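Pasted below: model35.tsv, TSV, C-alpha atoms.
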chain	number	residue	atom	x	y	z
A	1	MET	CA	171.58	66.99	278.55
A	2	SER	CA	173.72	66.46	281.64
A	3	THR	CA	176.29	63.70	282.05
A	4	THR	CA	173.92	61.90	284.43
A	5	GLU	CA	171.03	62.16	281.95
A	6	LEU	CA	173.25	60.91	279.11
A	7	ASN	CA	174.43	57.93	281.15
A	8	HIS	CA	170.84	57.12	282.10
A	9	PHE	CA	169.76	57.35	278.45
A	10	LEU	CA	172.54	55.05	277.21
A	11	SER	CA	172.06	52.56	280.04
A	12	SER	CA	168.40	52.19	279.02
A	13	PHE	CA	169.46	50.13	276.01
A	14	GLU	CA	169.78	46.37	276.49
A	15	ARG	CA	172.75	44.48	275.09
A	16	PRO	CA	171.71	42.21	272.15
A	17	SER	CA	172.27	38.53	272.88
A	18	ASN	CA	174.76	38.18	270.00
A	19	PHE	CA	177.07	40.90	271.35
A	20	THR	CA	179.80	40.27	273.90
A	21	SER	CA	180.11	42.59	276.87
A	22	GLY	CA	183.32	43.98	275.34
A	23	ALA	CA	181.66	44.75	272.00
A	24	TRP	CA	178.71	46.34	273.79
A	25	SER	CA	181.07	48.49	275.88
A	26	GLU	CA	182.65	49.78	272.66
A	27	ILE	CA	179.22	50.77	271.31
A	28	LEU	CA	178.39	52.65	274.52
A	29	THR	CA	181.76	54.40	274.49
A	30	GLN	CA	181.28	55.46	270.86
A	31	ALA	CA	177.79	56.81	271.54
A	32	LYS	CA	178.95	58.73	274.61
A	33	SER	CA	181.84	60.31	272.67
A	34	ILE	CA	179.57	61.38	269.81
A	35	TRP	CA	176.99	62.81	272.23
A	36	ASN	CA	179.68	64.76	274.10
A	37	ALA	CA	180.94	66.24	270.83
A	38	HIS	CA	177.36	67.13	269.85
A	39	LEU	CA	176.59	68.76	273.21
A	40	HIS	CA	179.75	70.85	273.01
A	41	GLY	CA	179.05	71.97	269.43
A	42	GLN	CA	182.02	70.05	268.03
A	43	ASN	CA	182.21	68.25	264.69
A	44	TRP	CA	182.63	64.48	264.69
A	45	ASN	CA	185.09	63.42	261.99
A	46	ASN	CA	185.92	59.90	263.14
A	47	GLN	CA	184.48	56.69	261.73
A	48	ILE	CA	181.17	55.48	263.17
A	49	ASP	CA	180.40	51.76	263.49
A	50	ILE	CA	176.67	51.09	263.22
A	51	ASN	CA	176.33	47.35	263.62
A	52	CYS	CA	173.00	46.96	265.38
A	53	LYS	CA	169.71	48.80	265.89
A	54	GLU	CA	170.78	49.96	269.34
A	55	SER	CA	173.97	51.62	268.09
A	56	TYR	CA	171.78	53.65	265.71
A	57	LEU	CA	169.06	54.56	268.23
A	58	MET	CA	171.64	55.77	270.74
A	59	LEU	CA	172.34	58.64	268.35
A	60	VAL	CA	168.72	59.76	268.07
A	61	ASP	CA	167.55	62.62	270.31
A	62	SER	CA	164.22	62.93	272.14
A	63	SER	CA	162.65	64.56	269.06
A	64	GLY	CA	163.52	61.56	266.89
A	65	ASN	CA	166.32	63.32	265.01
A	66	LEU	CA	169.84	62.05	264.48
A	67	ILE	CA	172.36	64.15	266.39
A	68	ILE	CA	174.89	63.71	263.58
A	69	GLN	CA	174.73	63.24	259.82
A	70	ASN	CA	177.04	60.46	258.75
A	71	GLU	CA	177.22	58.07	255.77
A	72	SER	CA	177.25	55.01	258.05
A	73	LEU	CA	174.00	56.13	259.66
A	74	LEU	CA	172.34	56.88	256.34
A	75	ASN	CA	173.44	53.53	254.92
A	76	TYR	CA	172.04	51.77	257.98
A	77	VAL	CA	168.62	53.33	257.42
A	78	LYS	CA	168.70	52.46	253.73
A	79	ASN	CA	169.81	48.88	254.38
A	80	LYS	CA	167.13	48.36	257.04
A	81	HIS	CA	164.47	49.58	254.63
A	82	VAL	CA	165.78	47.33	251.85
A	83	SER	CA	165.94	44.32	254.17
A	84	SER	CA	162.43	44.89	255.47
A	85	TRP	CA	160.91	45.16	251.98
A	86	ARG	CA	162.92	42.20	250.65
A	87	GLU	CA	161.79	40.03	253.58
A	88	ARG	CA	158.16	40.96	252.89
A	89	LEU	CA	158.51	39.84	249.26
A	90	GLU	CA	160.22	36.63	250.37
A	91	GLN	CA	157.33	35.83	252.71
A	92	ILE	CA	154.86	36.13	249.83
A	93	ALA	CA	157.07	33.86	247.71
A	94	PHE	CA	157.33	31.28	250.51
A	95	LYS	CA	153.55	31.21	250.89
A	96	ALA	CA	153.18	30.74	247.14
A	97	ILE	CA	155.52	27.73	247.37
A	98	ARG	CA	153.44	26.20	250.14
A	99	ASP	CA	150.35	26.75	247.98
A	100	LYS	CA	152.22	25.25	245.00
A	101	GLN	CA	151.78	28.50	243.05
A	102	TYR	CA	155.21	28.33	241.49
A	103	ASP	CA	154.67	31.02	238.85
A	104	LYS	CA	153.76	33.45	241.61
A	105	ALA	CA	156.74	32.35	243.72
A	106	GLU	CA	159.06	33.01	240.78
A	107	ARG	CA	157.61	36.51	240.31
A	108	TYR	CA	158.08	37.42	243.95
A	109	PHE	CA	161.61	36.08	244.21
A	110	THR	CA	162.32	38.19	241.11
A	111	LYS	CA	160.89	41.23	242.91
A	112	ALA	CA	163.01	40.44	245.98
A	113	ILE	CA	166.12	40.23	243.80
A	114	LYS	CA	165.35	43.62	242.24
A	115	VAL	CA	165.10	45.14	245.73
A	116	ASP	CA	168.32	43.48	246.93
A	117	GLU	CA	170.55	42.10	244.18
A	118	GLY	CA	173.21	40.99	246.62
A	119	LYS	CA	171.40	38.12	248.36
A	120	ALA	CA	172.70	34.90	246.84
A	121	MET	CA	170.07	32.70	248.46
A	122	ASN	CA	167.23	34.31	246.51
A	123	TYR	CA	168.90	33.46	243.20
A	124	TYR	CA	169.19	29.86	244.42
A	125	ARG	CA	165.56	29.82	245.55
A	126	ARG	CA	164.41	31.18	242.21
A	127	ALA	CA	166.51	28.52	240.49
A	128	LEU	CA	164.67	25.78	242.42
A	129	ILE	CA	161.36	27.28	241.33
A	130	ARG	CA	162.50	27.51	237.74
A	131	ILE	CA	163.50	23.85	237.81
A	132	LYS	CA	159.94	23.00	238.85
A	133	LEU	CA	158.73	25.15	235.97
A	134	GLN	CA	161.10	23.30	233.58
A	135	ASN	CA	163.02	26.49	232.83
A	136	HIS	CA	166.44	24.91	233.26
A	137	LYS	CA	168.56	27.42	231.34
A	138	LYS	CA	167.37	30.32	233.47
A	139	ALA	CA	167.78	28.18	236.57
A	140	LEU	CA	171.40	27.58	235.57
A	141	ASP	CA	171.94	31.33	235.20
A	142	ASP	CA	170.48	31.86	238.68
A	143	VAL	CA	172.67	29.26	240.37
A	144	SER	CA	175.76	30.62	238.63
A	145	LYS	CA	174.88	34.08	239.96
A	146	ALA	CA	174.40	32.65	243.44
A	147	ILE	CA	177.88	31.10	243.23
A	148	GLU	CA	179.33	34.40	242.06
A	149	LEU	CA	177.85	36.14	245.11
A	150	LYS	CA	178.62	33.39	247.62
A	151	PRO	CA	181.27	31.00	246.30
A	152	THR	CA	181.61	29.13	249.60
A	153	GLU	CA	178.12	27.57	249.62
A	154	TYR	CA	178.49	23.92	248.60
A	155	VAL	CA	174.78	23.30	247.85
A	156	PHE	CA	174.98	25.83	245.03
A	157	TYR	CA	177.61	23.70	243.28
A	158	LEU	CA	175.55	20.53	243.74
A	159	LYS	CA	172.55	22.21	242.17
A	160	ARG	CA	174.57	23.59	239.26
A	161	ALA	CA	176.04	20.14	238.65
A	162	GLN	CA	172.49	18.77	238.49
A	163	LEU	CA	171.51	21.43	235.98
A	164	TYR	CA	174.58	20.75	233.85
A	165	ARG	CA	173.48	17.12	233.65
A	166	ILE	CA	169.91	18.05	232.72
A	167	LEU	CA	171.23	20.35	229.97
A	168	ASP	CA	173.75	17.73	228.71
A	169	ILE	CA	176.79	19.79	229.73
A	170	ASP	CA	178.40	16.81	231.43
A	171	TYR	CA	181.97	18.00	230.98
A	172	LYS	CA	181.35	20.73	233.58
A	173	VAL	CA	179.72	18.51	236.18
A	174	MET	CA	182.80	17.04	237.85
A	175	ASN	CA	184.40	20.42	238.55
A	176	ASP	CA	181.36	21.50	240.55
A	177	LEU	CA	181.09	18.17	242.37
A	178	ASN	CA	184.75	18.33	243.31
A	179	MET	CA	184.26	21.86	244.59
A	180	ALA	CA	181.30	20.73	246.69
A	181	VAL	CA	183.47	17.98	248.20
A	182	ARG	CA	186.22	20.47	249.03
A	183	LEU	CA	183.74	22.82	250.68
A	184	LYS	CA	181.82	20.10	252.55
A	185	PRO	CA	184.10	17.07	253.00
A	186	ASN	CA	181.97	15.58	255.81
A	187	ALA	CA	178.59	15.41	254.08
A	188	ALA	CA	177.29	12.06	252.81
A	189	ASN	CA	175.06	13.56	250.13
A	190	VAL	CA	178.04	15.19	248.41
A	191	PHE	CA	179.91	11.90	248.04
A	192	ASP	CA	176.72	10.07	247.12
A	193	ILE	CA	176.01	12.42	244.21
A	194	ARG	CA	179.60	12.39	242.97
A	195	GLY	CA	179.79	8.61	243.32
A	196	LYS	CA	176.71	8.07	241.18
A	197	PHE	CA	178.02	10.46	238.55
A	198	ARG	CA	181.35	8.65	238.45
A	199	LEU	CA	179.58	5.34	237.96
A	200	SER	CA	177.60	6.85	235.06
A	201	LEU	CA	180.93	7.74	233.43
A	202	GLY	CA	182.21	4.20	233.83
A	203	ASP	CA	184.55	5.09	236.69
A	204	ARG	CA	183.58	2.09	238.84
A	205	ALA	CA	186.49	2.35	241.25
A	206	GLY	CA	186.02	6.06	241.92
A	207	GLY	CA	182.26	5.72	242.11
A	208	LYS	CA	182.36	2.87	244.61
A	209	MET	CA	184.90	4.70	246.73
A	210	ASP	CA	182.63	7.77	246.93
A	211	LEU	CA	179.56	5.67	247.73
A	212	LEU	CA	181.42	3.86	250.52
A	213	LYS	CA	182.49	7.21	251.94
A	214	ALA	CA	178.89	8.41	251.79
A	215	GLU	CA	177.74	5.33	253.70
A	216	GLU	CA	180.39	5.86	256.38
A	217	LEU	CA	179.33	9.48	256.86
A	218	ARG	CA	175.65	8.52	257.08
A	219	LYS	CA	176.46	6.05	259.85
A	220	GLU	CA	178.11	8.92	261.70
A	221	GLY	CA	174.99	11.03	261.29
A	222	LEU	CA	176.58	13.31	258.70
A	223	GLY	CA	174.03	13.12	255.95
A	224	GLY	CA	174.45	16.68	254.72
A	225	GLY	CA	172.00	19.46	254.01
A	226	SER	CA	168.68	19.17	252.25
A	227	GLU	CA	167.22	21.27	249.47
A	228	LEU	CA	165.35	24.05	251.20
A	229	TYR	CA	163.94	27.36	250.04
A	230	GLY	CA	163.94	28.56	253.62
A	231	SER	CA	162.42	27.46	256.91
A	232	GLN	CA	159.22	29.30	256.12
A	233	ALA	CA	158.64	27.17	253.02
A	234	ALA	CA	159.81	23.83	254.36
Translate this file's structure into structure tokens.
Amino acid sequence: MSTTELNHFLSSFERPSNFTSGAWSEILTQAKSIWNAHLHGQNWNNQIDINCKESYLMLVDSSGNLIIQNESLLNYVKNKHVSSWRERLEQIAFKAIRDKQYDKAERYFTKAIKVDEGKAMNYYRRALIRIKLQNHKKALDDVSKAIELKPTEYVFYLKRAQLYRILDIDYKVMNDLNMAVRLKPNAANVFDIRGKFRLSLGDRAGGKMDLLKAEELRKEGLGGGSELYGSQAA
């Protein structure tokens, strides 16, 4: 492959909308360097950043073979396969939710988790299903796992607080509600839930203060998130 042919090949790829021109330029430069090493029979020992489909395809020759064997490339293929299969299982689970087949939805979220154990949202989704199925202890385990994987998601703490209340573990509720407030201090639903819990404990001053804050945020259009499995199941 000549320099002109290589440039034509690389310029045939379109920049993804989520990449800046600078980031795209770095991908092109990396691909060109790897191709030059390959064409001159040289080994490539530097790190390879594969962060989009295009950066992978740029390193595939006209016969469909990778021009270099590298762990980053192999991991990309594996991760794409895992993501594709997990998404297929999620779609079946979402349809089951729409059809109110909650046992089936639980089974398919379980399958999706087995394929990809690192996606926190699927543990949360399965927890919501298990709540509908009155399996609150397993739902609690799921939400706790979701928090372990993604400790910055405030809705997970709200849901775990709800489950603690259902299971009469009230002494753990406030910690999760406080964490939700810290993570999402401008959401009315967070203060509304904590305010009602405070009132149930007899903390009238604290409860009223939270409820007033919730009302202020609602007037500003800051109601907070809703309980969703995903857009496909809404």
For stretch 44-49 of chain A, find every residue with an atom within 12 Å (counting all atoms listed in the file), except residues of its own chain fewer than 6 positions away, and show them as JSON, numbers by chain. {"A": [23, 24, 26, 27, 28, 29, 30, 31, 33, 34, 35, 36, 37, 38, 55, 56, 59, 67, 68, 69, 70, 71, 72, 73, 74, 75, 76]}
Provide the atom CA of A:Ile169 to atom CA of A:His136 distance in Å, to one decimal place. 12.1 Å
Extract, using all atoms listed in the file, all DNA, RNA and protein residues at most 9 Å from stretch 83-90 of chain A, discarding same-chain residues fewer than 4 positions from it, and format them as an NGL selection string. :A and (78-79 or 94-95 or 105 or 108-109 or 111-116 or 122)
Compare A:Ile92, A:Leu66, A:Leu158, A:Ile50 by their minimum atom-to-atom distance to A:Tyr124, counting only C-alpha atoms, and give me the closest one.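 Of A:Ile92, A:Leu66, A:Leu158, A:Ile50, the one nearest A:Tyr124 is A:Leu158, counting only C-alpha atoms.
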Which residue gives the smallest distance to A:Leu6 among A:Asn18, A:Asp210, A:Asp61, A:Cys52, with all atoms listed in the file counted? A:Asp61
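Interatomic distance, atom CA of A:Leu212 to atom CA of A:Arg194: 11.5 Å.
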Using atom CA of A:Gln101 and atom CA of A:Ala139 as the two end points, give the distance in Å to one decimal.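 Calculated distance between atom CA of A:Gln101 and atom CA of A:Ala139 is 17.3 Å.
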Would you list the contacts of stretch 172-180 of chain A as a PyMOL selection string, taking every protein, DNA or RNA residue within 10 Å and counting all atoms listed in the file, but skipping same-chain residues closer than 5 positions in sequence? chain A and resi 151-165+185+187+190-191+193-195+197-198
Tell me which of A:Val181, A:Ile129, A:Leu201, A:Ile147 sits closest to A:Tyr102, counting only C-alpha atoms.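 That would be A:Ile129, the residue with the smallest distance to A:Tyr102.
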For A:Ala214, please output as a list of chain:residue names all residues within 7 Å (counting all atoms listed in the file; exclusion window: fewer than 5 positions along the same chain).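 Near A:Ala214, the qualifying residues are A:Ala188, A:Asn189, A:Phe191, A:Asp192.
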Taking the partial coordinates given, rebuild stretch 4-31 of chain A to contain N, CA and C atoms; return it as an mmCIF file, in the coordinates of the input.
data_model
loop_
_atom_site.group_PDB
_atom_site.id
_atom_site.type_symbol
_atom_site.label_atom_id
_atom_site.label_comp_id
_atom_site.auth_asym_id
_atom_site.auth_seq_id
_atom_site.Cartn_x
_atom_site.Cartn_y
_atom_site.Cartn_z
ATOM 1 N N THR A 4 174.764 62.907 283.774
ATOM 2 C CA THR A 4 173.920 61.900 284.430
ATOM 3 C C THR A 4 172.770 61.481 283.526
ATOM 4 N N GLU A 5 172.137 62.465 282.859
ATOM 5 C CA GLU A 5 171.030 62.160 281.950
ATOM 6 C C GLU A 5 171.511 61.329 280.763
ATOM 7 N N LEU A 6 172.697 61.664 280.241
ATOM 8 C CA LEU A 6 173.250 60.910 279.110
ATOM 9 C C LEU A 6 173.536 59.471 279.526
ATOM 10 N N ASN A 7 174.131 59.287 280.678
ATOM 11 C CA ASN A 7 174.430 57.930 281.150
ATOM 12 C C ASN A 7 173.151 57.123 281.361
ATOM 13 N N HIS A 8 172.115 57.796 281.884
ATOM 14 C CA HIS A 8 170.840 57.120 282.100
ATOM 15 C C HIS A 8 170.214 56.718 280.759
ATOM 16 N N PHE A 9 170.310 57.629 279.787
ATOM 17 C CA PHE A 9 169.760 57.350 278.450
ATOM 18 C C PHE A 9 170.467 56.148 277.824
ATOM 19 N N LEU A 10 171.792 56.137 277.854
ATOM 20 C CA LEU A 10 172.540 55.050 277.210
ATOM 21 C C LEU A 10 172.366 53.727 277.955
ATOM 22 N N SER A 11 172.228 53.803 279.276
ATOM 23 C CA SER A 11 172.060 52.560 280.040
ATOM 24 C C SER A 11 170.662 51.964 279.875
ATOM 25 N N SER A 12 169.754 52.710 279.239
ATOM 26 C CA SER A 12 168.400 52.190 279.020
ATOM 27 C C SER A 12 168.343 51.164 277.894
ATOM 28 N N PHE A 13 169.417 51.094 277.115
ATOM 29 C CA PHE A 13 169.460 50.130 276.010
ATOM 30 C C PHE A 13 169.984 48.786 276.523
ATOM 31 N N GLU A 14 169.358 47.704 276.083
ATOM 32 C CA GLU A 14 169.780 46.370 276.490
ATOM 33 C C GLU A 14 170.757 45.793 275.467
ATOM 34 N N ARG A 15 171.753 45.098 275.966
ATOM 35 C CA ARG A 15 172.750 44.480 275.090
ATOM 36 C C ARG A 15 172.119 43.331 274.299
ATOM 37 N N PRO A 16 172.220 43.335 272.958
ATOM 38 C CA PRO A 16 171.710 42.210 272.150
ATOM 39 C C PRO A 16 172.424 40.922 272.529
ATOM 40 N N SER A 17 171.724 39.815 272.437
ATOM 41 C CA SER A 17 172.270 38.530 272.880
ATOM 42 C C SER A 17 173.489 38.092 272.077
ATOM 43 N N ASN A 18 173.625 38.586 270.837
ATOM 44 C CA ASN A 18 174.760 38.180 270.000
ATOM 45 C C ASN A 18 175.977 39.082 270.156
ATOM 46 N N PHE A 19 175.939 40.015 271.114
ATOM 47 C CA PHE A 19 177.070 40.900 271.350
ATOM 48 C C PHE A 19 177.743 40.541 272.677
ATOM 49 N N THR A 20 179.063 40.485 272.670
ATOM 50 C CA THR A 20 179.800 40.270 273.900
ATOM 51 C C THR A 20 179.772 41.541 274.737
ATOM 52 N N SER A 21 180.094 41.416 276.003
ATOM 53 C CA SER A 21 180.110 42.590 276.870
ATOM 54 C C SER A 21 181.152 43.605 276.395
ATOM 55 N N GLY A 22 182.287 43.091 275.853
ATOM 56 C CA GLY A 22 183.320 43.980 275.340
ATOM 57 C C GLY A 22 182.856 44.778 274.129
ATOM 58 N N ALA A 23 182.170 44.080 273.199
ATOM 59 C CA ALA A 23 181.660 44.750 272.000
ATOM 60 C C ALA A 23 180.593 45.780 272.375
ATOM 61 N N TRP A 24 179.762 45.427 273.350
ATOM 62 C CA TRP A 24 178.710 46.340 273.790
ATOM 63 C C TRP A 24 179.311 47.576 274.462
ATOM 64 N N SER A 25 180.380 47.374 275.226
ATOM 65 C CA SER A 25 181.070 48.490 275.880
ATOM 66 C C SER A 25 181.621 49.468 274.853
ATOM 67 N N GLU A 26 182.125 48.926 273.727
ATOM 68 C CA GLU A 26 182.650 49.780 272.660
ATOM 69 C C GLU A 26 181.536 50.624 272.028
ATOM 70 N N ILE A 27 180.356 50.032 271.874
ATOM 71 C CA ILE A 27 179.220 50.770 271.310
ATOM 72 C C ILE A 27 178.807 51.901 272.242
ATOM 73 N N LEU A 28 178.756 51.622 273.542
ATOM 74 C CA LEU A 28 178.390 52.650 274.520
ATOM 75 C C LEU A 28 179.423 53.783 274.550
ATOM 76 N N THR A 29 180.688 53.408 274.482
ATOM 77 C CA THR A 29 181.760 54.400 274.490
ATOM 78 C C THR A 29 181.683 55.296 273.263
ATOM 79 N N GLN A 30 181.419 54.686 272.106
ATOM 80 C CA GLN A 30 181.280 55.460 270.860
ATOM 81 C C GLN A 30 180.119 56.445 270.971
ATOM 82 N N ALA A 31 178.964 55.956 271.435
ATOM 83 C CA ALA A 31 177.790 56.810 271.540
ATOM 84 C C ALA A 31 178.040 57.977 272.501
#
